[in-house]
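Trainee: First the structure, then my questions, so here it is.
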Amino acid sequence: LHLIDADSAWFQIPGRGRFKGRFYGINAPECHKRHVRTGKVRSARCASDDEYFGMGAYLIAKQLLVGKQLTLDCPRKRNGRCRTGGFGRILVMIRIGDTDVMEALVARGAAWTFTKYPSSNRKRLCALEERARKRGAGMWAIGRAQVEARMRAKTRKWYRLRDAICQR
C-alpha cells in the first residue's frame, strides 16, 4: 500500500500486481502533494493542505491503513469487472478485519459521503457523517458552515446537494 491522500492509494496484490484505487463512496479534503517514487512507480503523497483538513484527513487514513492487512473488493459492472472512477482509478471497498475503512474515515471526520455518484453504502455513510458533524469529529470541529466555506468551489458544488441526496 502507498497512500496518496485520504481517498486514494496504490495497492499491491501478491501475484497480481499493483493498481491505483479510489475509495468507494467517500471523498476527502484535498491536500497539496509532492512527487515520490515507490519502487518503480511514480506517485505522490500529501505534504500540506490544499483544502481545509486535507493533511489531517491523510494522517487519519495513514493511521488506519498503513502496515495493515487489507481486504479489498469493488463494485462491479455487469461483465464482472471492477468499476472505475475519475482518472481511471479502480473503485475499492476496504476492510481491516471487521472495520469498513470508508465508514471509519467518515466517522472520524476525515471524509465526506461522496454524493456526486451513486453508492451502495450511501445511507450508512450519510448517517455516520451526520454523527461525526454533531460530535465535532475531525474537520467538523470548526462547524459545518466553516468547513463548507473552506471547500474548493468544485467540492462545494456537489456537497451543497448532499442533504437532499442523503434523505433519499
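Residue names in the C-alpha cells use chain letters A, B, ... in the order shown, residue numbers from 1 in each chain, and ligand numbers from 1 in the order shown.
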Give me the residues near segment 79-89 of chain A as a ChimeraX atom specification, where near means some atom within 10 Å (using only C-alpha atoms) and where sequence neighbours in that chain fewer than 5 positions away do not count.
Mentor: /A:8-10,19-24,73-74,117
Trainee: Tell me, as a list in words, which residues lie within 8 Å of Tyr52 of chain A, counting only C-alpha atoms; anything in the same chain fewer than 3 positions away does not count.
Mentor: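 Within the cut-off, the hits are Pro29, Glu30, Asp49, Met139, Val147, Arg150 and Met151 of chain A.
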Trainee: Going by DSSP on the backbone, which bits of segment 94-153 of chain A are helix (DSSP H, G or I)? Write them as JSON, numbers by chain, please.
Mentor: {"A": [101, 102, 103, 104, 105, 106, 107, 122, 123, 124, 125, 126, 127, 128, 129, 130, 131, 132, 133, 134, 135, 138, 139, 140, 141, 142, 144, 145, 146, 147, 148, 149, 153]}
Trainee: Might you pull out every residue within 7 Å of Met55 of chain A, with only C-alpha atoms counted and same-chain residues fewer than 6 positions away left off, and present them as a PyMOL selection string?
Mentor: chain A and resi 31+46-49
Trainee: So, counting only C-alpha atoms, which residue among A:Ser120, A:Gln69, A:Thr115, A:Gln12 is closest to Gln167 of chain A?
Mentor: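 With only C-alpha atoms as the atom set, the closest residue is A:Thr115.
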Trainee: Identify which of the residues A:Leu105, A:Cys126, A:Ile4, A:Ala111 lies closest to Thr155 of chain A, counting only C-alpha atoms when measuring atom-to-atom distances.
Mentor: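 Ranked by minimum distance to Thr155 of chain A, first place goes to A:Ala111.
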Trainee: Between A:Lys116, A:Lys154, A:His32, A:Arg78, which has the minimum distance to Phe53 of chain A (counting only C-alpha atoms)?
Mentor: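 Going through A:Lys116, A:Lys154, A:His32, A:Arg78 one by one, the smallest distance to Phe53 of chain A is for A:His32.
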Trainee: As an MDAnalysis selection string, which residues of chain A does DSSP assign to strand (DSSP E)?
Mentor: chainID A and resid 2:5 8:13 17:23 26:27 31:38 41:49 71:73 90:96 99:100 112:113
Trainee: If we count only C-alpha atoms and set the cut-off at 10 Å, which residues sit around Ala104 of chain A, ignoring sequence neighbours fewer than 3 positions away in its own chain? Please answer as an MDAnalysis selection string.
Mentor: chainID A and resid 60:61 64 95 99:101 107:111 125 128
Trainee: Would you mind listing what lies within 6 Å of Ala6 of chain A as number ranges by chain, with only C-alpha atoms counted and same-chain residues fewer than 5 positions away left out?
Mentor: A: 28, 57-58, 61
Trainee: Please dump the current selection as an mmCIF file, in the first residue's frame; keep C-alpha atoms.
Mentor:
```
data_model
loop_
_atom_site.group_PDB
_atom_site.id
_atom_site.type_symbol
_atom_site.label_atom_id
_atom_site.label_comp_id
_atom_site.auth_asym_id
_atom_site.auth_seq_id
_atom_site.Cartn_x
_atom_site.Cartn_y
_atom_site.Cartn_z
ATOM 1 C CA ALA A 28 -11.781 13.614 1.349
ATOM 2 C CA ALA A 57 -7.508 13.539 6.701
ATOM 3 C CA TYR A 58 -4.394 11.995 5.148
ATOM 4 C CA ALA A 61 -6.132 7.493 6.748
#
```
